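K.L.:
target_33.tsv (TSV, C-alpha atoms) pasted underneath:
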chain	number	residue	atom	x	y	z
A	171	MET	CA	71.22	58.95	42.92
A	172	ASN	CA	72.06	59.29	39.21
A	173	LYS	CA	69.91	56.23	38.50
A	174	ALA	CA	66.91	57.84	40.20
A	175	VAL	CA	67.40	61.03	38.19
A	176	LEU	CA	67.58	59.00	34.95
A	177	ILE	CA	64.32	57.19	35.78
A	178	CYS	CA	62.53	60.46	36.58
A	179	CYS	CA	63.79	62.02	33.36
A	180	SER	CA	62.59	58.98	31.35
A	181	LEU	CA	59.11	59.14	32.90
A	182	LEU	CA	58.93	62.88	32.28
A	183	LEU	CA	59.91	62.31	28.64
A	184	VAL	CA	57.18	59.67	28.20
A	185	PHE	CA	54.47	61.87	29.72
A	186	SER	CA	55.62	64.88	27.71
A	187	SER	CA	55.62	62.83	24.50
A	188	GLY	CA	52.13	61.50	25.26
A	189	ILE	CA	50.70	64.95	25.92
A	190	ALA	CA	52.37	66.47	22.88
A	191	GLY	CA	51.26	63.54	20.69
A	192	TYR	CA	47.55	63.78	21.58
A	193	MET	CA	47.57	67.55	21.28
A	194	ALA	CA	49.17	67.40	17.83
A	195	LEU	CA	47.31	64.36	16.39
A	196	GLU	CA	43.88	64.85	17.98
A	197	GLY	CA	43.85	68.55	18.70
A	198	TRP	CA	42.87	67.99	22.32
A	199	THR	CA	43.41	70.41	25.20
A	200	LEU	CA	46.32	70.09	27.60
A	201	LEU	CA	44.12	68.64	30.35
A	202	ASP	CA	42.50	66.06	28.06
A	203	SER	CA	45.89	65.05	26.65
A	204	LEU	CA	47.38	64.71	30.13
A	205	TYR	CA	44.40	62.67	31.36
A	206	MET	CA	44.54	60.34	28.34
A	207	THR	CA	48.31	59.88	28.76
A	208	VAL	CA	47.96	58.98	32.45
A	209	ILE	CA	45.15	56.43	32.00
A	210	THR	CA	46.93	54.90	29.00
A	211	ILE	CA	50.31	54.43	30.70
A	212	ALA	CA	48.73	53.37	34.00
A	213	SER	CA	46.50	50.85	32.17
A	214	VAL	CA	43.51	51.59	34.44
A	215	GLY	CA	40.99	50.70	31.71
A	216	PHE	CA	38.97	53.93	31.63
A	217	MET	CA	37.20	54.97	28.43
A	218	GLU	CA	38.87	57.24	25.93
A	219	VAL	CA	38.42	60.94	26.53
A	220	HIS	CA	37.29	61.45	22.94
A	221	PRO	CA	37.04	59.05	19.99
A	222	LEU	CA	40.52	58.42	18.58
A	223	SER	CA	41.49	58.78	14.94
A	224	GLU	CA	43.47	56.06	13.19
A	225	ASN	CA	46.72	57.94	13.79
A	226	GLY	CA	45.71	58.45	17.41
A	227	ARG	CA	45.17	54.72	17.92
A	228	ILE	CA	48.57	53.88	16.39
A	229	PHE	CA	50.19	56.48	18.64
A	230	THR	CA	48.39	55.01	21.68
A	231	ILE	CA	49.72	51.52	20.86
A	232	PHE	CA	53.31	52.78	20.91
A	233	LEU	CA	52.63	54.85	24.03
A	234	ILE	CA	51.32	51.75	25.85
A	235	LEU	CA	54.27	49.58	24.76
A	236	GLY	CA	56.91	52.14	25.60
A	237	GLY	CA	55.33	54.09	28.43
A	238	THR	CA	53.99	51.17	30.46
A	239	GLY	CA	57.33	49.39	30.34
A	240	ILE	CA	59.19	52.48	31.52
A	241	LEU	CA	56.61	53.10	34.26
A	242	VAL	CA	56.82	49.53	35.60
A	243	TYR	CA	60.62	49.61	35.49
A	244	GLY	CA	60.70	53.05	37.14
A	245	VAL	CA	58.38	52.09	40.01
A	246	SER	CA	60.20	48.80	40.68
A	247	ALA	CA	63.59	50.51	40.54
A	248	LEU	CA	62.38	53.25	42.86
A	249	ILE	CA	61.10	50.67	45.37
A	250	ALA	CA	64.39	48.78	45.18
A	251	PHE	CA	66.23	52.09	45.54
A	252	ILE	CA	64.40	52.86	48.80
A	253	ILE	CA	64.32	49.32	50.25
A	254	GLY	CA	67.94	48.64	49.29
A	255	GLY	CA	69.10	51.62	51.33
A	256	GLU	CA	70.47	53.57	48.38
A	257	LEU	CA	68.22	56.53	49.16
A	258	THR	CA	69.36	56.50	52.77
A	259	ASP	CA	73.00	56.33	51.66
A	260	ALA	CA	72.48	59.22	49.24
A	261	LEU	CA	70.89	61.36	51.95
A	262	ARG	CA	73.66	60.41	54.38
A	263	ARG	CA	76.32	61.40	51.84
A	264	ARG	CA	74.61	64.73	51.25
A	265	LYS	CA	74.46	65.40	54.99
A	266	MET	CA	78.10	64.39	55.32
A	267	GLN	CA	79.11	66.74	52.50
A	268	LYS	CA	77.31	69.64	54.20
A	269	ARG	CA	79.26	68.90	57.38
A	270	ILE	CA	82.54	68.90	55.43
A	271	ASP	CA	81.63	72.13	53.60
A	272	ALA	CA	81.26	73.85	56.97
A	273	MET	CA	84.78	72.90	58.10
A	274	ARG	CA	87.65	75.38	58.22
A	275	GLY	CA	91.26	74.70	59.17
A	276	HIS	CA	90.69	70.95	59.28
A	277	PHE	CA	92.97	68.04	58.35
A	278	ILE	CA	92.58	65.65	55.42
A	279	ILE	CA	93.67	62.02	55.71
A	280	CYS	CA	94.11	60.15	52.45
A	281	GLY	CA	93.72	56.43	53.07
A	282	ALA	CA	92.08	54.59	55.96
A	283	GLY	CA	94.20	51.46	55.68
A	284	ARG	CA	96.76	49.98	58.06
A	285	THR	CA	98.61	53.28	58.52
A	286	GLY	CA	95.68	55.64	58.08
A	287	LYS	CA	93.57	54.11	60.84
A	288	TYR	CA	96.15	55.11	63.46
A	289	ILE	CA	96.24	58.66	62.12
A	290	ILE	CA	92.44	58.81	62.31
A	291	GLU	CA	92.49	57.49	65.88
A	292	GLU	CA	95.00	60.15	66.91
A	293	MET	CA	92.92	62.88	65.28
A	294	ARG	CA	89.86	61.71	67.21
A	295	LYS	CA	91.72	61.47	70.52
A	296	THR	CA	93.13	64.99	70.15
A	297	HIS	CA	89.81	66.43	68.96
A	298	ARG	CA	91.04	67.65	65.56
A	299	ASN	CA	88.50	68.25	62.82
A	300	HIS	CA	89.36	65.86	60.01
A	301	VAL	CA	88.08	64.37	56.77
A	302	VAL	CA	89.09	60.95	55.46
A	303	ILE	CA	89.36	60.15	51.75
A	304	GLU	CA	88.92	56.43	51.07
A	305	ARG	CA	87.87	54.25	48.13
A	306	GLU	CA	87.63	50.77	49.66
A	307	VAL	CA	84.01	49.80	50.42
A	308	GLU	CA	84.78	48.00	53.69
A	309	ASN	CA	86.76	50.94	55.04
A	310	ILE	CA	83.98	53.33	54.00
A	311	LYS	CA	81.46	51.26	55.99
A	312	SER	CA	83.71	51.38	59.04
A	313	LEU	CA	84.07	55.17	58.76
A	314	ALA	CA	80.31	55.58	58.42
A	315	GLU	CA	79.67	53.42	61.49
A	316	GLN	CA	82.04	55.61	63.52
A	317	ASN	CA	80.42	58.78	62.13
A	318	ILE	CA	83.76	59.98	60.78
A	319	SER	CA	83.56	62.65	58.09
A	320	HIS	CA	84.69	61.07	54.84
A	321	VAL	CA	84.66	61.32	51.06
A	322	ARG	CA	84.54	58.23	48.89
A	323	GLY	CA	86.88	58.38	45.93
A	324	ASP	CA	90.44	58.51	44.65
A	325	ALA	CA	92.57	61.05	46.54
A	326	THR	CA	94.68	61.69	43.43
A	327	HIS	CA	91.69	63.35	41.71
A	328	ASN	CA	91.15	67.11	42.00
A	329	SER	CA	87.38	66.78	42.49
A	330	VAL	CA	87.77	64.39	45.43
A	331	LEU	CA	90.29	66.62	47.21
A	332	GLN	CA	88.01	69.62	46.60
A	333	ALA	CA	85.05	67.69	48.05
A	334	ALA	CA	87.19	67.17	51.18
A	335	GLY	CA	87.72	70.96	51.41
A	336	ILE	CA	91.35	71.10	50.30
A	337	GLU	CA	91.19	74.88	49.80
A	338	ARG	CA	90.11	75.42	53.42
A	339	ALA	CA	92.22	72.69	55.07
A	340	GLN	CA	95.15	73.29	57.38
A	341	GLY	CA	97.00	70.08	56.64
A	342	LEU	CA	96.92	66.83	54.69
A	343	VAL	CA	98.51	63.45	55.26
A	344	THR	CA	98.62	60.81	52.55
A	345	ALA	CA	99.08	57.19	53.63
A	346	LEU	CA	98.17	55.31	50.47
A	347	HIS	CA	99.62	51.93	49.54
A	348	SER	CA	102.12	52.98	46.87
A	349	ASP	CA	104.71	55.74	46.76
A	350	ALA	CA	103.54	56.71	43.26
A	351	GLU	CA	100.01	57.41	44.55
A	352	ASN	CA	101.33	59.39	47.51
A	353	LEU	CA	103.55	61.45	45.23
A	354	LEU	CA	100.60	62.28	42.97
A	355	VAL	CA	98.42	63.26	45.95
A	356	VAL	CA	101.17	65.57	47.25
A	357	PHE	CA	101.60	67.19	43.83
A	358	THR	CA	97.84	67.67	43.35
A	359	ALA	CA	97.21	68.95	46.88
A	360	LYS	CA	99.96	71.57	46.66
A	361	ARG	CA	98.60	72.82	43.33
A	362	LEU	CA	95.11	73.21	44.78
A	363	ASN	CA	96.32	74.82	48.03
A	364	PRO	CA	100.00	75.92	48.05
A	365	ALA	CA	99.75	76.97	51.73
A	366	ILE	CA	98.61	73.60	53.07
A	367	ARG	CA	101.03	71.50	55.12
A	368	VAL	CA	101.43	68.07	53.53
A	369	ILE	CA	102.87	64.97	55.18
A	370	SER	CA	103.42	61.84	53.09
A	371	LYS	CA	104.18	58.21	53.73
A	372	ALA	CA	107.02	56.60	51.77
A	373	VAL	CA	107.86	52.93	51.59
A	374	GLU	CA	111.01	53.06	49.48
A	375	GLU	CA	113.93	55.17	50.67
A	376	GLU	CA	114.60	56.51	47.18
A	377	SER	CA	111.03	57.86	47.00
A	378	GLU	CA	111.60	60.33	49.83
A	379	GLN	CA	113.43	62.92	47.73
A	380	LYS	CA	110.92	62.65	44.87
A	381	ILE	CA	107.98	63.19	47.20
A	382	ARG	CA	109.69	66.17	48.79
A	383	MET	CA	110.32	67.63	45.34
A	384	ALA	CA	106.61	67.23	44.60
A	385	GLY	CA	105.89	69.56	47.51
A	386	ALA	CA	105.68	67.45	50.69
A	387	ASP	CA	106.66	69.35	53.84
A	388	SER	CA	107.69	66.12	55.53
A	389	VAL	CA	108.04	62.45	54.56
A	390	VAL	CA	107.65	59.58	57.02
A	391	MET	CA	109.01	56.11	56.28
A	392	PRO	CA	107.26	53.46	58.43
A	393	ASN	CA	110.08	50.94	57.98
A	394	PHE	CA	112.62	53.49	59.24
A	395	ILE	CA	110.43	54.46	62.22
A	396	GLY	CA	109.77	50.81	62.98
A	397	GLY	CA	113.48	50.05	63.01
A	398	LEU	CA	114.19	52.89	65.41
A	399	ARG	CA	111.37	51.73	67.65
A	400	MET	CA	112.75	48.19	67.82
A	401	ALA	CA	116.23	49.51	68.65
A	402	SER	CA	114.74	51.73	71.39
A	403	GLU	CA	112.87	48.76	72.86
A	404	LEU	CA	116.23	47.02	73.11
A	405	ILE	CA	118.41	49.75	74.62
A	406	ARG	CA	115.96	52.15	76.39
A	407	PRO	CA	112.90	50.09	77.41
A	408	SER	CA	111.76	52.46	80.21
A	409	VAL	CA	111.49	55.40	77.79
A	410	VAL	CA	109.51	53.32	75.32
A	411	THR	CA	107.19	52.11	78.09
A	412	PHE	CA	106.56	55.70	79.15
A	413	LEU	CA	105.76	56.74	75.59
A	414	ASP	CA	103.43	53.75	75.19
A	415	ILE	CA	101.55	54.71	78.33
A	416	MET	CA	101.38	58.30	77.14
A	417	LEU	CA	99.96	57.35	73.73
A	418	ARG	CA	97.67	54.49	74.69
A	419	SER	CA	96.17	55.68	77.94
A	420	GLN	CA	92.37	55.83	77.71
A	421	GLU	CA	91.93	57.91	80.88
A	422	ASN	CA	94.28	60.80	80.11
A	423	THR	CA	95.40	61.70	76.61
A	424	ILE	CA	98.96	62.90	77.19
A	425	ARG	CA	100.65	64.39	74.12
A	426	VAL	CA	103.55	66.55	73.01
A	427	ASP	CA	101.99	69.56	71.26
A	428	GLU	CA	102.93	73.08	70.23
A	429	LEU	CA	101.75	76.62	70.86
A	430	ALA	CA	102.63	79.15	68.17
A	431	ILE	CA	103.37	82.74	69.15
A	432	ASP	CA	102.22	85.22	66.50
A	433	ASN	CA	101.57	88.96	66.38
A	434	SER	CA	98.10	88.54	67.91
A	435	SER	CA	99.24	86.28	70.75
A	436	PRO	CA	98.73	87.68	74.28
A	437	HIS	CA	102.10	86.13	75.22
A	438	ARG	CA	104.14	88.02	72.61
A	439	ASP	CA	107.06	90.03	74.03
A	440	LYS	CA	106.52	88.55	77.49
A	441	THR	CA	108.89	86.38	79.49
A	442	LEU	CA	107.95	82.75	79.87
A	443	LYS	CA	107.36	83.35	83.57
A	444	ALA	CA	105.07	86.33	82.91
A	445	THR	CA	102.82	84.26	80.64
A	446	GLY	CA	101.87	82.01	83.56
A	447	ILE	CA	102.31	78.88	81.43
A	448	LEU	CA	105.04	77.51	83.69
A	449	SER	CA	102.62	77.44	86.63
A	450	LEU	CA	99.80	75.67	84.78
A	451	GLN	CA	98.91	72.25	86.17
A	452	GLY	CA	99.26	69.34	83.75
A	453	ILE	CA	101.44	71.21	81.21
A	454	THR	CA	105.23	71.09	80.92
A	455	VAL	CA	107.26	73.36	78.63
A	456	VAL	CA	109.69	71.04	76.86
A	457	ALA	CA	111.40	73.39	74.43
A	458	LEU	CA	111.27	76.78	72.74
A	459	LYS	CA	111.74	77.01	68.99
A	460	GLY	CA	113.15	80.38	67.99
A	461	ALA	CA	114.36	82.03	64.80
A	462	GLY	CA	116.25	79.84	62.36
A	463	ASP	CA	114.68	76.66	63.77
A	464	LYS	CA	116.88	76.99	66.86
A	465	TYR	CA	115.55	74.92	69.76
A	466	THR	CA	116.17	75.69	73.43
A	467	PHE	CA	115.30	72.68	75.57
A	468	ASN	CA	113.88	73.40	79.01
A	469	PRO	CA	113.93	77.16	78.36
A	470	PRO	CA	114.53	79.48	81.34
A	471	ALA	CA	111.69	81.48	82.89
A	472	SER	CA	113.41	84.66	81.70
A	473	ALA	CA	113.14	83.68	78.01
A	474	VAL	CA	111.21	86.32	76.05
A	475	LEU	CA	108.65	85.02	73.55
A	476	LYS	CA	108.81	86.68	70.14
A	477	SER	CA	106.43	86.52	67.20
A	478	GLY	CA	107.24	83.39	65.20
A	479	ASP	CA	108.40	81.41	68.22
A	480	VAL	CA	106.84	78.04	69.02
A	481	LEU	CA	106.53	76.51	72.48
A	482	VAL	CA	106.79	72.72	72.58
A	483	LEU	CA	104.51	71.50	75.37
A	484	MET	CA	103.77	68.15	76.97
A	485	GLY	CA	100.64	67.45	78.94
A	486	ASN	CA	97.00	66.49	78.87
A	487	ILE	CA	95.62	67.41	75.46
A	488	SER	CA	92.48	68.93	76.97
A	489	ASP	CA	94.62	71.30	79.09
A	490	ILE	CA	96.74	72.24	76.08
A	491	ASN	CA	93.66	72.85	73.94
A	492	ARG	CA	92.20	75.00	76.71
A	493	LEU	CA	95.40	77.05	76.76
A	494	LYS	CA	95.18	77.54	73.00
A	495	THR	CA	91.53	78.57	73.24
A	496	ASP	CA	92.34	81.08	75.99
A	497	CYS	CA	95.06	82.57	73.80
A	498	VAL	CA	92.63	83.00	70.89
A	499	ALA	CA	89.94	84.47	73.15
A	500	THR	CA	92.38	86.95	74.73
A	501	SER	CA	93.98	88.07	71.45
Before we go any further, please render this structure as structure tokens.
P.N.:
Amino acid sequence: MNKAVLICCSLLLVFSSGIAGYMALEGWTLLDSLYMTVITIASVGFMEVHPLSENGRIFTIFLILGGTGILVYGVSALIAFIIGGELTDALRRRKMQKRIDAMRGHFIICGAGRTGKYIIEEMRKTHRNHVVIEREVENIKSLAEQNISHVRGDATHNSVLQAAGIERAQGLVTALHSDAENLLVVFTAKRLNPAIRVISKAVEEESEQKIRMAGADSVVMPNFIGGLRMASELIRPSVVTFLDIMLRSQENTIRVDELAIDNSSPHRDKTLKATGILSLQGITVVALKGAGDKYTFNPPASAVLKSGDVLVLMGNISDINRLKTDCVATS
């Protein structure tokens, strides 16, 4: 797009110089000067508007040499710009940016590589609004083909995070290749939006503390998680099989999710039984998180929900999302 703007500016400069030159050297009117400039640069072979002076002829020579070359280059570049798909890409990026600008409370995923692609898949399955920041061309093409909202660039740069709507985002996860890059993304994101929840990947164990100090709310180490998974496969295979079915099922997206109780919640100051959640089909209340991060697993029906509590639920994600929507509509 910048190339097209440069070409247009160059053509405008040539035409402006031609008009100004004929008006100053020959004393012609604006219309005559414009007409003479157009037929000179376009090389159509029409007669001169008025007889040219010696200075006018010299000026015309330079106008032909410079202007015609710029015109030919501009037209060929513009044709290549359209045929090569650059114009389409530019329009697509603008449309994509408008979609991102309209988002509120979304999630930002930094990196669409080996780890990031699974995060993106989970966001799509659970119907979360999300924006992906990626710099690799092949990954960008894949995102575009799937119509996933994305920003091309380096996630460590302020402008790229701002283009992804960092100020309006609810959360951010950074899954870049190196711990140094992830640390910088965490630091930058927290400075642009101190309230955002940031989750970071860490490869080296010693990087965890540094990333937390930079502002990360949580740090996930794939090697550590992978080791636990392998141990679980060995000693509790039935549990792992159940979790695999829950995560990979294409028919029903079963997930463990949460429902926050705040001051506007219709369930505040009610018992769990009175809320009607326990009787909902397809949803199971796993735990209740109370004050001081105290968890009560399988909470009793008599438990009273207070502002700040969080219900940990398991069930079909569509049913859980419907419950959340009903809570917002009722409040």
K.L.:
Figure out the distance between atom CA of A:Ile487 and atom CA of A:Arg338, please, to one decimal in Å.
P.N.:
24.1 Å
K.L.:
Using all atoms listed in the file for the distances, tell me which of A:Gln340, A:Gln332, A:Gln451, A:Ser348 is nearest to A:Ala365.
P.N.:
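Answer, going by the shortest atom-to-atom distance: A:Gln340.
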K.L.:
So, counting all atoms listed in the file, which residue among A:Ile240, A:Glu378, A:Gly396, A:Thr326 is closest to A:Leu362?
P.N.:
A:Thr326
K.L.:
Could you work out how far atom CA of A:Glu291 lies from atom CA of A:Ala272, giving the answer in Å with one decimal?
P.N.:
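Interatomic distance here is 21.8 Å.
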K.L.:
Could you work out how far atom CA of A:Arg284 lies from atom CA of A:Glu375, giving the answer in Å with one decimal?
P.N.:
19.4 Å
K.L.:
When distances are computed from all atoms listed in the file, which of A:Val214, A:Tyr288, A:Ile278, A:Gln316 shows the smallest separation from A:Val368?
P.N.:
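So, comparing all the options, the nearest one is A:Ile278.
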K.L.:
Counting all atoms listed in the file, what are the residues of stretch 373-438 of chain A within 7 Å of stretch 453-477 of chain A, and for each of them which pair of atoms is the nearest and at what distance in Å, to one decimal? Sort the table by chain and rising number, as CSV.
P.N.:
residue,atom,partner,partner_atom,distance
A:Ile431,CA,A:Ser477,CA,5.2
A:Asp432,CA,A:Ser477,CA,4.5
A:Asn433,CA,A:Ser477,CA,5.5
A:His437,CA,A:Leu475,CA,6.9
A:Arg438,CA,A:Lys476,CA,5.5
K.L.:
Draw an axis-aligned box over all listed atoms of stretch 455-459 of chain A, pad each side with 3 Å, and write its centre and edge lengths in Å, one decimal, as lines of an AutoDock Vina configuration file.
P.N.:
center_x = 109.5
center_y = 74.0
center_z = 73.8
size_x = 10.5
size_y = 12.0
size_z = 15.6
K.L.:
For stretch 188-201 of chain A, list every protein, DNA or RNA residue within 12 Å, evaluated using all atoms listed in the file, and leave out those in the same chain fewer than 6 positions away; present the list as a PDB file with C-alpha atoms, in the coordinates of the input.
P.N.:
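Below is the file that was written, part31.pdb:
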ATOM      1  CA  LEU A 181      59.110  59.140  32.900  1.00  0.00           C
ATOM      2  CA  LEU A 182      58.930  62.880  32.280  1.00  0.00           C
ATOM      3  CA  THR A 207      48.310  59.880  28.760  1.00  0.00           C
ATOM      4  CA  VAL A 208      47.960  58.980  32.450  1.00  0.00           C
ATOM      5  CA  ILE A 209      45.150  56.430  32.000  1.00  0.00           C
ATOM      6  CA  THR A 210      46.930  54.900  29.000  1.00  0.00           C
ATOM      7  CA  ILE A 211      50.310  54.430  30.700  1.00  0.00           C
ATOM      8  CA  GLU A 218      38.870  57.240  25.930  1.00  0.00           C
ATOM      9  CA  VAL A 219      38.420  60.940  26.530  1.00  0.00           C
ATOM     10  CA  HIS A 220      37.290  61.450  22.940  1.00  0.00           C
ATOM     11  CA  PRO A 221      37.040  59.050  19.990  1.00  0.00           C
ATOM     12  CA  LEU A 222      40.520  58.420  18.580  1.00  0.00           C
ATOM     13  CA  SER A 223      41.490  58.780  14.940  1.00  0.00           C
ATOM     14  CA  GLU A 224      43.470  56.060  13.190  1.00  0.00           C
ATOM     15  CA  ASN A 225      46.720  57.940  13.790  1.00  0.00           C
ATOM     16  CA  GLY A 226      45.710  58.450  17.410  1.00  0.00           C
ATOM     17  CA  ARG A 227      45.170  54.720  17.920  1.00  0.00           C
ATOM     18  CA  ILE A 228      48.570  53.880  16.390  1.00  0.00           C
ATOM     19  CA  PHE A 229      50.190  56.480  18.640  1.00  0.00           C
ATOM     20  CA  THR A 230      48.390  55.010  21.680  1.00  0.00           C
ATOM     21  CA  ILE A 231      49.720  51.520  20.860  1.00  0.00           C
ATOM     22  CA  PHE A 232      53.310  52.780  20.910  1.00  0.00           C
ATOM     23  CA  LEU A 233      52.630  54.850  24.030  1.00  0.00           C
ATOM     24  CA  ILE A 234      51.320  51.750  25.850  1.00  0.00           C
ATOM     25  CA  GLY A 236      56.910  52.140  25.600  1.00  0.00           C
ATOM     26  CA  GLY A 237      55.330  54.090  28.430  1.00  0.00           C
ATOM     27  CA  THR A 238      53.990  51.170  30.460  1.00  0.00           C
TER      28      THR A 238
END
K.L.:
Taking (111.1, 68.0, 48.6) in the coordinates of the supplied file, I want to know which residues reach to within 12 Å of it, counting all atoms listed in the file; could you give the answer as a list in words?
P.N.:
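In the file's frame, the residues around the point are Leu353, Val356, Phe357, Lys360, Val368, Ile369, Ser370, Ser377, Glu378, Gln379, Lys380, Ile381, Arg382, Met383, Ala384, Gly385, Ala386, Asp387, Ser388 and Val389 of chain A.
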K.L.:
Mind listing as a ChimeraX atom specification all residues within 9 Å of (84.6, 55.1, 51.7), counting only C-alpha atoms?
P.N.:
/A:282,302-314,320-323
K.L.:
For A:Glu428, which residue out of A:Leu481, A:Leu398, A:Leu413, A:Cys497 is the nearest one, using all atoms listed in the file?
P.N.:
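Looking only at the distances to A:Glu428, the closest residue turns out to be A:Leu481.
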K.L.:
Quick one: of A:Lys494, A:Arg298, A:His327, A:Arg269, who's nearest to A:Leu429, counting all atoms listed in the file?
P.N.:
A:Lys494
